[in-house]
Amino acid sequence: MSQSRKLGIAVAQMGPVHLADDRKSVVNRLLDMLREAKERRANLVVFPELALTTFFPRYWMSEKEAAERFFETAMPNPTVQPLFDAARQYEIGFYLGYAELTREGQRFNTSILVDSHGEIVRKYRKIHLPGHADHKPDAPFQHLEKKYFGVGDLGFPVTRTMGANIGMCICNDRRWPETWRAMSLQSAEIGVVGYNTPSWNIHWNEPPHLRMHTHLVTLQASAYQNAMWIAAAAKCGSEDGFHMIGGSVIVAPSGEIAAQSSTEEDEVIFVNADLALGDTFREHVFNFAKHRRPEHYRLLVERTGAGEPLP
Ligand code: ING
């Protein structure tokens with residue numbers, strides 16, 4: 001194995017954020033976990049998707065009302081500035097998910113990567129938007145990401161910062177192999193992802209245990225098949241009675257789970273990750289240059305939905 005290259009990776013899982021919880025109280029929770037990550041000598045902290053508010057796509061409202069109540073018009077802004085200040089003081093970088101309202105009035109499910117100087121080095125806007133845009137009054141809750149957010153327009157970015165190539169995505173993105181391959185083809189060594197995953201499926205009577213199973217199997221397979229560390233942060237527990245899964249994990253390039261949360265509350269997990277472990281998998285089994293055959297993969301980009309078998 002090549003010379004070890006350690007990076008302290010922390011995942012700051014969040015317990016519920018209720019409708020009544022204001023952003024200031026949420027930021028204080030994030031600050032507490034940033035301090036714990038610092039004590040555990042983390043260099044990077046991953047916070048969840050839509051970390052500043054409750055998972056509001058579960059509620060039917062107008063886009064205007066959603067934007068006023070749950071979206072950020074600037075990042076950083078006075079409410080979250082203490083998080084940026086603390087990160088700079090501790091020399092820790094972080095990933096943060098939030099709802100973005102642009103000056104042009106566009107709405108995205110967004111994440112940022114902030115370096116150890118407290119500077120935003122990259123932004124990502126969620127590409128795979130699950131759920132629906134229509135009102136389903138008979139459903140126990142909604143999943144209106146297709147109503148409240150536009151499809152991301154920033155690709156799958158990989159950024160070299162804090163001595164590592166870091167790719168980021170958001171929640172449902174993790175279920176699509178294209179997401180992780182797009183990062184590993186840009187030599188990503190770590191993939192960071194926040195998620196809010198309801199325990200119940202409003203479309204079919206999916207056994208609840210499958211939510212945790214499909215979440216974990218997706219991340220373990222993706223880490224192995226792309227020779228990268230994956231750090232995934234849940235916002236979980238019961239938000240105003242609506243339950244979301246925990247299962248925050250840090251997965252090694254071997255596909256093995258190196259750390260996993262054991263609660264559905266605010267909880268920090270940590271691994272002093274050796275990025276060199278990915279080198280070994282990139283050198284041998286997943287040596288893309290040596291083994292991939294893109295001339296046979298055209299279907300992957302030519303077709304959106306499944307079609308007829310090729311002749
Ligand atoms: N949540 C869920 C997720 O992808 C979901 C939605 C769950 C879709 C299970 C399909 C199957 O984890 C978000 N916010 O994407």
# chains A, B, ... in the order shown; residues from 1 in each chain; ligands from 1
call {"tool": "residues_around", "arguments": {"residues": "Arg181 in chain A", "least_positions_apart": "2", "cutoff": "12 Å", "atoms": "only C-alpha atoms", "output": "mmCIF file with C-alpha atoms, in the first residue's frame"}}
result
data_model
loop_
_atom_site.group_PDB
_atom_site.id
_atom_site.type_symbol
_atom_site.label_atom_id
_atom_site.label_comp_id
_atom_site.auth_asym_id
_atom_site.auth_seq_id
_atom_site.Cartn_x
_atom_site.Cartn_y
_atom_site.Cartn_z
ATOM 1 C CA PHE A 156 -21.110 16.394 -9.716
ATOM 2 C CA PRO A 157 -18.165 18.499 -8.538
ATOM 3 C CA VAL A 158 -14.915 17.127 -7.128
ATOM 4 C CA GLY A 167 -16.854 14.921 -4.186
ATOM 5 C CA MET A 168 -20.291 15.788 -2.846
ATOM 6 C CA CYS A 169 -23.886 14.834 -3.500
ATOM 7 C CA ASP A 173 -28.214 11.077 -5.461
ATOM 8 C CA ARG A 174 -26.495 8.323 -3.447
ATOM 9 C CA ARG A 175 -28.886 5.682 -4.843
ATOM 10 C CA TRP A 176 -27.709 6.260 -8.427
ATOM 11 C CA PRO A 177 -24.370 4.657 -9.406
ATOM 12 C CA GLU A 178 -23.851 7.417 -11.986
ATOM 13 C CA THR A 179 -23.376 9.889 -9.126
ATOM 14 C CA MET A 183 -16.915 11.594 -8.932
ATOM 15 C CA SER A 184 -14.432 8.701 -9.200
ATOM 16 C CA LEU A 185 -13.776 9.533 -12.876
ATOM 17 C CA GLN A 186 -12.590 12.884 -11.474
ATOM 18 C CA SER A 187 -10.283 11.009 -9.048
ATOM 19 C CA ALA A 188 -12.409 11.631 -5.947
ATOM 20 C CA GLU A 189 -10.945 10.047 -2.808
ATOM 21 C CA GLY A 191 -17.534 11.327 -1.228
ATOM 22 C CA ALA A 221 -21.223 -0.887 -2.890
ATOM 23 C CA SER A 222 -20.571 2.654 -4.123
ATOM 24 C CA ALA A 223 -17.520 3.107 -1.889
ATOM 25 C CA TYR A 224 -16.016 -0.191 -3.063
ATOM 26 C CA GLN A 225 -16.879 0.198 -6.783
ATOM 27 C CA ASN A 226 -15.374 3.691 -6.812
ATOM 28 C CA ALA A 227 -12.448 3.078 -4.455
ATOM 29 C CA MET A 228 -13.431 5.975 -2.222
ATOM 30 C CA PHE A 286 -10.684 -0.600 -10.153
ATOM 31 C CA PHE A 288 -10.262 2.512 -14.617
ATOM 32 C CA ARG A 292 -12.975 0.116 -18.291
ATOM 33 C CA LEU A 300 -25.710 4.572 -20.058
#
call {"tool": "select_by_dssp", "arguments": {"residues": "range 158-259 of chain A", "states": "alpha helix (DSSP H)", "output": "list in words"}}
result
Pro177, Glu178, Thr179, Trp180, Arg181, Ala182, Met183, Ser184, His209, Leu210, Arg211, Met212, His213, Thr214, His215, Leu216, Val217, Thr218, Leu219, Gln220, Ala221, Ser222, Ala223, Tyr224 and Gln225 of chain A
call {"tool": "atom_distance", "arguments": {"atom1": "CA of Thr53 in chain A", "atom2": "CA of Leu219 in chain A"}}
result
24.8 Å
call {"tool": "atom_distance", "arguments": {"atom1": "CA of Val45 in chain A", "atom2": "CA of Ile9 in chain A"}}
result
6.2 Å
call {"tool": "atom_distance", "arguments": {"atom1": "CA of Leu7 in chain A", "atom2": "CA of Val192 in chain A"}}
result
13.4 Å
call {"tool": "closest_residue", "arguments": {"among": "A:Pro130, A:Gly305, A:Gly241, A:Gly93", "to": "ligand 1", "atoms": "only C-alpha atoms and all ligand atoms"}}
result
A:Pro130
call {"tool": "closest_residue", "arguments": {"among": "A:Val268, A:Leu30, A:Leu50, A:Val151", "to": "ligand 1", "atoms": "only C-alpha atoms and all ligand atoms"}}
result
A:Leu50
call {"tool": "residues_near_ligand", "arguments": {"ligand": "ligand 1", "cutoff": "8 Å", "atoms": "only C-alpha atoms and all ligand atoms", "output": "JSON, numbers by chain"}}
result
{"A": [49, 128, 129, 130, 131, 143, 145, 170, 171, 172, 173, 174, 175, 195, 196, 197, 198, 199, 201, 211, 214, 215]}
call {"tool": "write_last_selection", "arguments": {"atoms": "C-alpha atoms", "output": "compact mmCIF listing (two decimals), in the first residue's frame"}}
result
# COMPACT_ATOMS: atom_id res chain seq x y z
CA GLU A 49 -29.06 17.58 3.87
CA HIS A 128 -31.75 13.38 -8.49
CA LEU A 129 -34.96 14.82 -7.00
CA PRO A 130 -37.23 12.06 -5.65
CA GLY A 131 -40.93 12.28 -4.87
CA HIS A 143 -42.47 14.20 -0.62
CA GLU A 145 -38.87 17.78 -3.76
CA ILE A 170 -27.22 14.91 -1.64
CA CYS A 171 -29.49 12.16 -0.36
CA ASN A 172 -31.30 10.46 -3.26
CA ASP A 173 -28.21 11.08 -5.46
CA ARG A 174 -26.50 8.32 -3.45
CA ARG A 175 -28.89 5.68 -4.84
CA TYR A 195 -29.62 12.81 3.72
CA ASN A 196 -33.14 13.00 5.15
CA THR A 197 -34.72 9.60 4.47
CA PRO A 198 -38.30 8.99 5.64
CA SER A 199 -38.76 5.57 7.24
CA ASN A 201 -42.69 4.91 1.70
CA ARG A 211 -34.95 1.67 4.22
CA THR A 214 -30.95 -0.07 0.82
CA HIS A 215 -29.23 2.95 2.37
call {"tool": "residues_around", "arguments": {"residues": "range 117-123 of chain A", "least_positions_apart": "6", "cutoff": "10 Å", "atoms": "only C-alpha atoms", "output": "PyMOL selection string"}}
result
chain A and resi 75-76+81+83-97+110-111+154-162+166-169
call {"tool": "residues_around", "arguments": {"residues": "Ser25 in chain A", "least_positions_apart": "6", "cutoff": "10 Å", "atoms": "only C-alpha atoms", "output": "list in words"}}
result
Val17, Leu31, Leu52 and Thr79 of chain A
call {"tool": "write_last_selection", "arguments": {"atoms": "all heavy atoms", "output": "PDB file, in the first residue's frame"}}
result
ATOM      1  N   VAL A  17     -35.292  18.071  13.612  1.00  0.00           N
ATOM      2  CA  VAL A  17     -35.492  19.522  13.655  1.00  0.00           C
ATOM      3  C   VAL A  17     -36.994  19.727  13.449  1.00  0.00           C
ATOM      4  O   VAL A  17     -37.536  19.360  12.395  1.00  0.00           O
ATOM      5  CB  VAL A  17     -34.682  20.258  12.565  1.00  0.00           C
ATOM      6  CG1 VAL A  17     -35.014  21.762  12.594  1.00  0.00           C
ATOM      7  CG2 VAL A  17     -33.181  20.058  12.771  1.00  0.00           C
ATOM      8  N   LEU A  31     -22.823  23.742  16.164  1.00  0.00           N
ATOM      9  CA  LEU A  31     -21.587  24.222  16.808  1.00  0.00           C
ATOM     10  C   LEU A  31     -21.113  23.235  17.867  1.00  0.00           C
ATOM     11  O   LEU A  31     -19.917  22.935  17.966  1.00  0.00           O
ATOM     12  CB  LEU A  31     -21.826  25.594  17.435  1.00  0.00           C
ATOM     13  CG  LEU A  31     -21.829  26.783  16.472  1.00  0.00           C
ATOM     14  CD1 LEU A  31     -22.373  28.023  17.163  1.00  0.00           C
ATOM     15  CD2 LEU A  31     -20.439  27.022  15.909  1.00  0.00           C
ATOM     16  N   LEU A  52     -30.652  22.984   8.256  1.00  0.00           N
ATOM     17  CA  LEU A  52     -31.069  24.133   9.067  1.00  0.00           C
ATOM     18  C   LEU A  52     -32.556  24.138   9.407  1.00  0.00           C
ATOM     19  O   LEU A  52     -32.999  24.942  10.228  1.00  0.00           O
ATOM     20  CB  LEU A  52     -30.693  25.441   8.338  1.00  0.00           C
ATOM     21  CG  LEU A  52     -29.207  25.582   8.000  1.00  0.00           C
ATOM     22  CD1 LEU A  52     -28.968  26.830   7.160  1.00  0.00           C
ATOM     23  CD2 LEU A  52     -28.355  25.601   9.272  1.00  0.00           C
ATOM     24  N   THR A  79     -27.133  34.160  10.587  1.00  0.00           N
ATOM     25  CA  THR A  79     -27.511  33.049  11.476  1.00  0.00           C
ATOM     26  C   THR A  79     -26.463  31.937  11.465  1.00  0.00           C
ATOM     27  O   THR A  79     -26.146  31.354  12.496  1.00  0.00           O
ATOM     28  CB  THR A  79     -28.882  32.465  11.057  1.00  0.00           C
ATOM     29  OG1 THR A  79     -29.810  33.530  10.924  1.00  0.00           O
ATOM     30  CG2 THR A  79     -29.376  31.464  12.081  1.00  0.00           C
TER      31      THR A  79
END
